[in-house]
$ cat entry-v4.cif   # mmCIF, C-alpha atoms
data_upload
loop_
_atom_site.label_atom_id
_atom_site.label_comp_id
_atom_site.auth_asym_id
_atom_site.auth_seq_id
_atom_site.Cartn_x
_atom_site.Cartn_y
_atom_site.Cartn_z
CA MET A 1 -39.71 107.90 -116.49
CA ALA A 2 -39.11 107.62 -120.23
CA ASN A 3 -41.97 106.47 -122.44
CA SER A 4 -39.58 105.69 -125.26
CA ARG A 5 -36.13 104.36 -124.48
CA ARG A 6 -35.16 104.84 -128.13
CA ARG A 7 -35.97 108.54 -127.88
CA PHE A 8 -33.93 108.65 -124.69
CA LEU A 9 -30.98 107.07 -126.45
CA THR A 10 -31.01 109.74 -129.12
CA GLY A 11 -32.14 112.60 -126.90
CA ALA A 12 -30.78 112.07 -123.42
CA ALA A 13 -27.35 111.26 -124.78
CA ALA A 14 -27.36 114.41 -126.87
CA THR A 15 -25.03 117.24 -126.06
CA ILE A 16 -24.89 120.93 -126.74
CA GLY A 17 -24.88 120.15 -130.45
CA THR A 18 -28.67 119.81 -130.33
CA MET A 19 -29.17 123.40 -129.16
CA PRO A 20 -31.12 125.69 -131.49
CA LEU A 21 -29.48 128.90 -132.58
CA ALA A 22 -29.96 131.79 -130.19
CA ARG A 23 -31.27 135.20 -131.14
CA PRO A 24 -28.57 137.64 -132.29
CA ALA A 25 -26.55 138.82 -129.31
CA MET A 26 -27.13 142.35 -128.00
CA ALA A 27 -23.92 144.31 -127.55
CA GLY A 28 -23.16 146.30 -124.44
CA GLN A 29 -21.43 149.67 -124.36
CA LYS A 30 -17.72 149.72 -123.67
CA GLY A 31 -16.88 150.07 -120.00
CA THR A 32 -20.52 150.15 -118.80
CA VAL A 33 -21.52 146.50 -118.34
CA SER A 34 -22.31 145.48 -114.77
CA ALA A 35 -22.59 142.14 -113.03
CA ASP A 36 -26.21 142.89 -112.18
CA ALA A 37 -27.06 143.59 -115.82
CA ILE A 38 -25.59 140.25 -116.88
CA LEU A 39 -27.23 138.23 -114.12
CA ALA A 40 -30.57 139.85 -114.92
CA LEU A 41 -30.48 138.13 -118.32
CA PHE A 42 -30.88 134.74 -116.61
CA LYS A 43 -33.44 135.64 -113.91
CA ALA A 44 -36.52 134.45 -115.79
CA LEU A 45 -35.12 130.98 -116.43
CA PRO A 46 -36.51 128.01 -114.50
CA GLY A 47 -34.61 125.66 -112.20
CA ASP A 48 -31.07 126.20 -110.99
CA VAL A 49 -28.70 128.51 -112.84
CA ALA A 50 -24.99 128.87 -112.10
CA ILE A 51 -22.95 131.65 -113.71
CA LYS A 52 -19.32 132.66 -113.49
CA ILE A 53 -17.51 134.99 -115.87
CA LEU A 54 -13.98 136.05 -114.95
CA ALA A 55 -11.60 138.39 -116.75
CA PRO A 56 -8.45 138.60 -114.63
CA ALA A 57 -6.73 141.95 -114.26
CA ALA A 58 -4.36 142.53 -117.18
CA ASN A 59 -2.35 145.34 -118.75
CA GLY A 60 -3.37 147.82 -116.08
CA LYS A 61 -7.07 146.94 -116.41
CA PRO A 62 -8.95 145.70 -113.34
CA GLU A 63 -10.49 142.29 -112.84
CA PHE A 64 -14.06 141.79 -114.05
CA LEU A 65 -16.12 139.17 -112.23
CA VAL A 66 -19.73 138.00 -112.45
CA GLU A 67 -20.86 135.03 -110.39
CA SER A 68 -23.97 133.39 -109.01
CA ASN A 69 -24.15 129.88 -107.50
CA ALA A 70 -20.59 129.37 -108.74
CA SER A 71 -19.79 126.68 -106.15
CA LYS A 72 -22.98 124.68 -106.73
CA THR A 73 -22.56 121.15 -108.08
CA MET A 74 -24.59 120.83 -111.29
CA PHE A 75 -25.09 118.22 -114.00
CA VAL A 76 -22.92 119.37 -116.94
CA GLY A 77 -23.13 116.48 -119.41
CA SER A 78 -20.30 116.04 -121.87
CA ALA A 79 -18.67 119.31 -120.82
CA ILE A 80 -16.51 116.93 -118.74
CA GLU A 81 -14.96 115.63 -121.98
CA THR A 82 -12.45 118.47 -121.79
CA PHE A 83 -10.81 116.63 -118.88
CA ILE A 84 -10.49 113.48 -121.00
CA LEU A 85 -8.91 115.52 -123.80
CA CYS A 86 -6.50 117.15 -121.38
CA GLU A 87 -5.35 113.88 -119.81
CA ALA A 88 -5.00 112.18 -123.20
CA LEU A 89 -2.76 115.02 -124.37
CA ARG A 90 -0.75 114.96 -121.15
CA GLN A 91 0.02 111.30 -121.75
CA ALA A 92 1.16 112.08 -125.31
CA ASP A 93 2.87 115.35 -124.34
CA SER A 94 5.92 115.93 -126.55
CA PRO A 95 7.10 118.12 -129.43
CA ASN A 96 5.76 115.33 -131.66
CA VAL A 97 2.34 115.10 -130.00
CA VAL A 98 0.39 115.41 -133.26
CA GLN A 99 2.26 112.57 -134.93
CA THR A 100 1.86 110.46 -131.79
CA LEU A 101 -1.91 110.95 -131.83
CA LYS A 102 -2.11 110.22 -135.54
CA THR A 103 -0.07 107.04 -135.20
CA LYS A 104 -1.85 105.61 -132.15
CA GLN A 105 -4.69 103.39 -133.40
CA LEU A 106 -7.71 102.71 -131.19
CA SER A 107 -10.16 99.84 -131.56
CA LEU A 108 -13.59 100.74 -132.92
CA ASP A 109 -15.87 97.84 -132.02
CA ALA A 110 -18.53 96.65 -129.57
CA SER A 111 -16.20 97.25 -126.63
CA VAL A 112 -16.58 101.02 -127.11
CA TRP A 113 -19.77 101.52 -129.15
CA SER A 114 -22.23 103.89 -127.53
CA VAL A 115 -25.36 105.80 -128.52
CA ASP A 116 -25.47 109.32 -129.98
CA SER A 117 -22.45 108.62 -132.18
CA VAL A 118 -23.11 110.20 -135.55
CA THR A 119 -19.42 110.13 -136.49
CA PHE A 120 -18.67 106.48 -135.76
CA ASN A 121 -22.22 105.24 -136.46
CA PRO A 122 -22.25 101.99 -134.47
CA PRO A 123 -22.61 99.14 -135.28
CA ASN A 124 -21.96 99.97 -138.94
CA LEU A 125 -18.30 100.97 -138.57
CA ILE A 126 -15.65 98.69 -137.16
CA GLY A 127 -11.88 98.57 -137.26
CA LYS A 128 -9.16 101.00 -136.14
CA VAL A 129 -9.26 104.79 -135.75
CA SER A 130 -6.46 107.19 -134.87
CA GLN A 131 -6.53 108.61 -131.36
CA ARG A 132 -6.55 112.11 -132.86
CA THR A 133 -9.73 111.35 -134.82
CA ALA A 134 -11.43 109.98 -131.71
CA LEU A 135 -10.53 113.09 -129.69
CA GLU A 136 -11.75 115.39 -132.45
CA ALA A 137 -15.06 113.51 -132.73
CA MET A 138 -15.49 113.72 -128.96
CA ILE A 139 -15.13 117.51 -128.92
CA LEU A 140 -16.56 118.56 -132.28
CA HIS A 141 -19.61 116.27 -132.34
CA SER A 142 -19.77 115.03 -128.73
CA ASP A 143 -19.66 111.57 -130.27
CA ASN A 144 -20.12 109.18 -127.35
CA THR A 145 -18.26 106.34 -129.05
CA GLY A 146 -15.36 108.74 -129.56
CA THR A 147 -15.64 109.65 -125.89
CA ASP A 148 -15.55 106.04 -124.73
CA MET A 149 -12.62 105.24 -127.04
CA SER A 150 -10.73 108.23 -125.64
CA MET A 151 -11.66 107.47 -122.04
CA LYS A 152 -10.62 103.84 -122.40
CA GLN A 153 -7.23 104.87 -123.79
CA ALA A 154 -6.56 107.59 -121.20
CA GLY A 155 -8.03 105.62 -118.27
CA PRO A 156 -10.92 106.99 -116.19
CA ASP A 157 -8.92 106.77 -112.96
CA LYS A 158 -6.10 108.81 -114.51
CA VAL A 159 -8.61 111.44 -115.62
CA ARG A 160 -9.96 111.50 -112.06
CA ALA A 161 -6.42 111.85 -110.72
CA LEU A 162 -5.91 114.90 -112.94
CA ILE A 163 -9.16 116.40 -111.66
CA ALA A 164 -8.15 115.73 -108.04
CA SER A 165 -4.67 117.20 -108.58
CA MET A 166 -6.28 120.53 -109.46
CA GLY A 167 -8.49 120.50 -106.36
CA LEU A 168 -11.73 120.30 -108.35
CA LYS A 169 -13.95 118.95 -105.58
CA ASN A 170 -17.31 119.21 -107.37
CA THR A 171 -16.34 117.38 -110.55
CA MET A 172 -17.30 113.75 -111.19
CA ILE A 173 -16.94 111.72 -114.37
CA PRO A 174 -18.36 108.29 -115.29
CA ASP A 175 -16.25 105.32 -116.30
CA SER A 176 -17.75 105.72 -119.78
CA THR A 177 -20.87 107.13 -121.38
CA ARG A 178 -22.16 103.57 -121.64
CA SER A 179 -21.68 102.98 -117.92
CA LEU A 180 -23.59 106.21 -117.28
CA PHE A 181 -26.50 104.95 -119.38
CA GLY A 182 -26.28 101.58 -117.64
CA TYR A 183 -26.62 103.22 -114.24
CA LEU A 184 -29.53 105.41 -115.36
CA LEU A 185 -31.25 102.27 -116.61
CA GLY A 186 -30.71 100.43 -113.34
CA SER A 187 -27.98 97.99 -114.38
CA LYS A 188 -26.55 96.04 -111.44
CA ASP A 189 -23.06 96.46 -112.91
CA PRO A 190 -22.93 99.69 -114.97
CA ARG A 191 -19.22 99.27 -115.76
CA ALA A 192 -19.95 95.98 -117.51
CA PHE A 193 -23.02 97.28 -119.36
CA SER A 194 -22.59 95.98 -122.89
CA TRP A 195 -23.50 97.32 -126.31
CA GLU A 196 -26.00 94.49 -126.69
CA GLU A 197 -27.65 95.38 -123.36
CA LEU A 198 -27.78 99.03 -124.34
CA ARG A 199 -29.51 98.23 -127.62
CA ALA A 200 -31.90 95.84 -125.88
CA ALA A 201 -32.88 98.63 -123.47
CA ALA A 202 -34.45 100.71 -126.25
CA ASN A 203 -37.84 100.83 -124.51
CA SER A 204 -36.77 100.45 -120.88
CA PRO A 205 -37.55 103.18 -118.35
CA MET A 206 -34.86 105.25 -116.68
CA VAL A 207 -34.77 104.39 -112.98
CA ASN A 208 -31.92 106.56 -111.65
CA SER A 209 -31.37 110.31 -111.86
CA PRO A 210 -28.50 111.84 -113.85
CA MET A 211 -27.61 113.62 -110.57
CA ASN A 212 -26.12 110.84 -108.48
CA LYS A 213 -22.91 109.76 -106.73
CA VAL A 214 -22.16 106.64 -108.81
CA GLU A 215 -21.99 107.27 -112.57
CA THR A 216 -22.56 110.91 -113.46
CA MET A 217 -21.19 114.06 -115.12
CA THR A 218 -21.11 116.90 -112.61
CA SER A 219 -19.04 119.98 -111.91
CA SER A 220 -19.34 123.58 -110.76
CA ALA A 221 -18.64 126.94 -112.36
CA ASP A 222 -15.78 127.45 -109.91
CA ASP A 223 -14.19 124.15 -110.96
CA PHE A 224 -14.41 124.92 -114.67
CA ILE A 225 -12.97 128.42 -114.27
CA ALA A 226 -10.11 127.08 -112.15
CA TYR A 227 -9.40 124.44 -114.79
CA TYR A 228 -9.65 126.50 -117.97
CA SER A 229 -7.65 129.40 -116.53
CA ARG A 230 -4.75 126.99 -116.08
CA ALA A 231 -5.15 124.55 -118.95
CA LEU A 232 -5.56 127.16 -121.70
CA HIS A 233 -2.25 128.71 -120.65
CA GLY A 234 -0.35 125.45 -120.80
CA GLU A 235 0.20 124.91 -117.08
CA LEU A 236 -0.79 121.25 -117.43
CA PHE A 237 1.52 120.51 -120.37
CA LYS A 238 5.29 120.48 -120.79
CA ASN A 239 5.46 121.36 -124.49
CA LYS A 240 3.99 124.23 -126.45
CA GLU A 241 3.02 121.84 -129.23
CA THR A 242 0.68 120.02 -126.82
CA LEU A 243 -0.92 123.28 -125.74
CA HIS A 244 -1.43 124.18 -129.40
CA GLU A 245 -3.17 120.84 -130.02
CA PHE A 246 -5.35 121.28 -126.91
CA ARG A 247 -6.45 124.73 -128.06
CA ARG A 248 -6.93 123.57 -131.66
CA ILE A 249 -9.30 120.77 -130.75
CA LEU A 250 -11.33 122.89 -128.30
CA ALA A 251 -11.59 125.62 -130.96
CA MET A 252 -13.47 123.09 -133.14
CA SER A 253 -16.39 122.77 -130.70
CA ASP A 254 -19.79 123.32 -132.30
CA ALA A 255 -21.00 125.04 -129.11
CA ILE A 256 -18.99 128.11 -130.16
CA TRP A 257 -21.42 128.67 -133.02
CA LEU A 258 -24.52 127.17 -131.49
CA LEU A 259 -24.57 129.47 -128.46
CA PRO A 260 -23.19 131.57 -130.30
CA LEU A 261 -20.11 133.27 -128.85
CA PRO A 262 -19.40 136.83 -130.01
CA LEU A 263 -17.63 137.33 -133.30
CA GLY A 264 -14.02 138.46 -133.16
CA VAL A 265 -12.86 136.22 -130.31
CA SER A 266 -10.65 133.17 -130.17
CA ALA A 267 -12.88 130.69 -128.36
CA PHE A 268 -12.11 127.38 -126.63
CA VAL A 269 -15.20 125.52 -125.40
CA LYS A 270 -16.72 122.12 -124.66
CA GLY A 271 -20.44 122.17 -123.86
CA GLY A 272 -22.80 119.49 -122.63
CA SER A 273 -26.47 118.77 -122.01
CA ILE A 274 -29.05 116.12 -121.27
CA ASP A 275 -32.80 115.76 -121.76
CA VAL A 276 -34.83 113.13 -119.91
CA PRO A 277 -38.41 113.40 -118.66
CA GLY A 278 -38.29 115.48 -115.49
CA PHE A 279 -34.66 116.59 -115.74
CA HIS A 280 -32.75 118.76 -118.19
CA ALA A 281 -29.33 120.41 -118.24
CA VAL A 282 -27.16 122.62 -120.43
CA CYS A 283 -23.61 123.71 -119.63
CA VAL A 284 -21.25 125.94 -121.65
CA PRO A 285 -17.80 126.43 -120.08
CA GLY A 286 -14.55 127.60 -121.63
CA GLY A 287 -12.43 130.63 -122.40
CA MET A 288 -12.23 133.37 -125.00
CA LEU A 289 -9.40 135.73 -125.95
CA PHE A 290 -9.66 139.15 -127.59
CA ASP A 291 -7.52 142.30 -127.51
CA ASP A 292 -4.93 140.49 -125.38
CA ARG A 293 -7.60 139.89 -122.70
CA TRP A 294 -8.68 136.47 -121.46
CA VAL A 295 -12.22 135.80 -120.25
CA TYR A 296 -13.13 132.47 -118.63
CA PHE A 297 -16.78 131.51 -118.29
CA CYS A 298 -19.17 128.80 -117.22
CA LEU A 299 -22.91 129.05 -117.83
CA THR A 300 -25.00 126.16 -116.48
CA ILE A 301 -28.69 125.44 -116.04
CA ASN A 302 -30.43 122.41 -114.53
CA TRP A 303 -34.23 122.38 -114.61
CA TYR A 304 -37.10 120.02 -114.00
CA ALA A 305 -39.72 120.18 -116.76
CA LYS A 306 -41.82 117.01 -117.07
CA ALA A 307 -41.58 116.85 -120.86
CA GLU A 308 -38.82 114.83 -122.51
CA THR A 309 -37.55 117.97 -124.25
CA ASP A 310 -37.92 121.69 -123.53
CA GLY A 311 -36.60 123.60 -126.51
CA GLN A 312 -37.99 126.94 -125.34
CA THR A 313 -35.88 126.96 -122.18
CA VAL A 314 -32.80 125.87 -124.11
CA LYS A 315 -33.36 128.68 -126.60
CA ALA A 316 -33.86 131.26 -123.83
CA PHE A 317 -30.73 130.09 -122.01
CA ALA A 318 -28.65 130.19 -125.18
CA ALA A 319 -29.89 133.69 -125.98
CA ALA A 320 -29.04 134.92 -122.48
CA GLY A 321 -25.59 133.33 -122.59
CA SER A 322 -24.77 134.71 -126.01
CA ARG A 323 -25.93 138.18 -125.01
CA ALA A 324 -24.01 138.09 -121.72
CA LEU A 325 -20.69 137.13 -123.31
CA THR A 326 -21.11 139.68 -126.08
CA MET A 327 -21.78 142.41 -123.50
CA VAL A 328 -18.58 141.40 -121.69
CA LYS A 329 -16.60 141.41 -124.93
CA GLU A 330 -17.87 144.83 -125.96
CA ALA A 331 -17.24 146.29 -122.50
CA LEU A 332 -13.68 144.97 -122.17
CA SER A 333 -12.50 145.50 -125.74
CA SER A 334 -9.68 147.99 -126.22
#
$ encode --input "entry-v4.cif" --output "structure tokens"
Amino acid sequence: MANSRRRFLTGAAATIGTMPLARPAMAGQKGTVSADAILALFKALPGDVAIKILAPAANGKPEFLVESNASKTMFVGSAIETFILCEALRQADSPNVVQTLKTKQLSLDASVWSVDSVTFNPPNLIGKVSQRTALEAMILHSDNTGTDMSMKQAGPDKVRALIASMGLKNTMIPDSTRSLFGYLLGSKDPRAFSWEELRAAANSPMVNSPMNKVETMTSSADDFIAYYSRALHGELFKNKETLHEFRRILAMSDAIWLLPLPLGVSAFVKGGSIDVPGFHAVCVPGGMLFDDRWVYFCLTINWYAKAETDGQTVKAFAAAGSRALTMVKEALSS
């Protein structure tokens, strides 16, 4: 399916950080935005689109809800890295969580090297890196080596246990980004897929779809809203310091500016995407706070263009998402 495996390694592994800037968002009028008006922004897009935007009732103001295909399982790419971050912080949960993350040193070597890793630049960097640095690279740059370092430390089965404990039935994570690539490339043992095998596969075709039941990155808008509406309030942590670190790292995400989200909000996001010939996906889930009002959102598109990349659809989706969230912000602002 891929004419150039090397292009796949740098393109298919890419996350929301490759998205072009959207057009300036169009503000709505306070109190007048409707669910139909927001959903209409996405109607011209190809493929499958799932939308959910929820502002719970607060301070005497009613709930605001927009949803379409919210229960549909979609490919979401590295948006699942928020679950790795959450579980890693749960394991380090204490008033001294920051110092714990700074002190814990993770191995940076061939056991965790993966593609699309501009921060850790394999195989040119080797040694030890603090767990905090790995988590930051995972969220800020969607660095896949940072992801695999963080996943290895937290344990994929423990991340899955966290997901199951919240009843998120549509969410699946791979054992690592490298095992995901191994499965897509047809490896007989994706979990054991090595750095050397990954490099050697530079011109190999992809034989399995990103949407699968073995090694994948899937979720639904319902799952992300259920998760963020709890995690961003600290329900999954025992100490306020851990919640502060969770919010701090998510607030670094480049998707906040690449969508972009409306100015004047506190935003907490982890996006994801993939581009391979015949299949493409973008997902932007998270939460934003303004005027003492929380809004949780998940915007996802999966589509099936034959080309290896489809920048026009990405740009149109980003513009629609930015406009939709700005309309919500303007309508719900005090």
$ closest_residue --input "entry-v4.cif" --among "A:Ile301, A:Ile84, A:Met211, A:Ile139" --to "Phe268 of chain A" --atoms "all atoms listed in the file"
A:Ile139
$ residues_around --input "entry-v4.cif" --residues "Glu81 of chain A" --least-positions-apart "6" --cutoff "8 Å" --atoms "only C-alpha atoms" --output "list in words"
Met138, Ile139, Thr147 and Lys270 of chain A
$ residues_around --input "entry-v4.cif" --residues "segment 45-49 of chain A" --least-positions-apart "4" --cutoff "7 Å" --atoms "all atoms listed in the file" --output "list in words"
Thr300, Ile301, Asn302, Trp303 and Tyr304 of chain A
$ atom_distance --input "entry-v4.cif" --atom1 "atom CA of Gly271 of chain A" --atom2 "atom CA of Ile53 of chain A"
15.4 Å
$ resolve_selection --input "entry-v4.cif" --expression "the PyMOL selection byres ((chain A and resi 119) around 8)" --output "PDB file with C-alpha atoms, keeping the file's coordinate frame"
ATOM      1  CA  SER A 117     -22.450 108.620-132.180  1.00  0.00           C
ATOM      2  CA  VAL A 118     -23.110 110.200-135.550  1.00  0.00           C
ATOM      3  CA  PHE A 120     -18.670 106.480-135.760  1.00  0.00           C
ATOM      4  CA  ASN A 121     -22.220 105.240-136.460  1.00  0.00           C
ATOM      5  CA  ALA A 137     -15.060 113.510-132.730  1.00  0.00           C
ATOM      6  CA  HIS A 141     -19.610 116.270-132.340  1.00  0.00           C
ATOM      7  CA  ASP A 143     -19.660 111.570-130.270  1.00  0.00           C
TER       8      ASP A 143
END
$ closest_residue --input "entry-v4.cif" --among "A:Leu258, A:Leu232, A:Val66, A:Ala331" --to "Lys315 of chain A" --atoms "all atoms listed in the file"
A:Leu258
$ atom_distance --input "entry-v4.cif" --atom1 "atom CA of Ala281 of chain A" --atom2 "atom CA of Thr73 of chain A"
12.2 Å
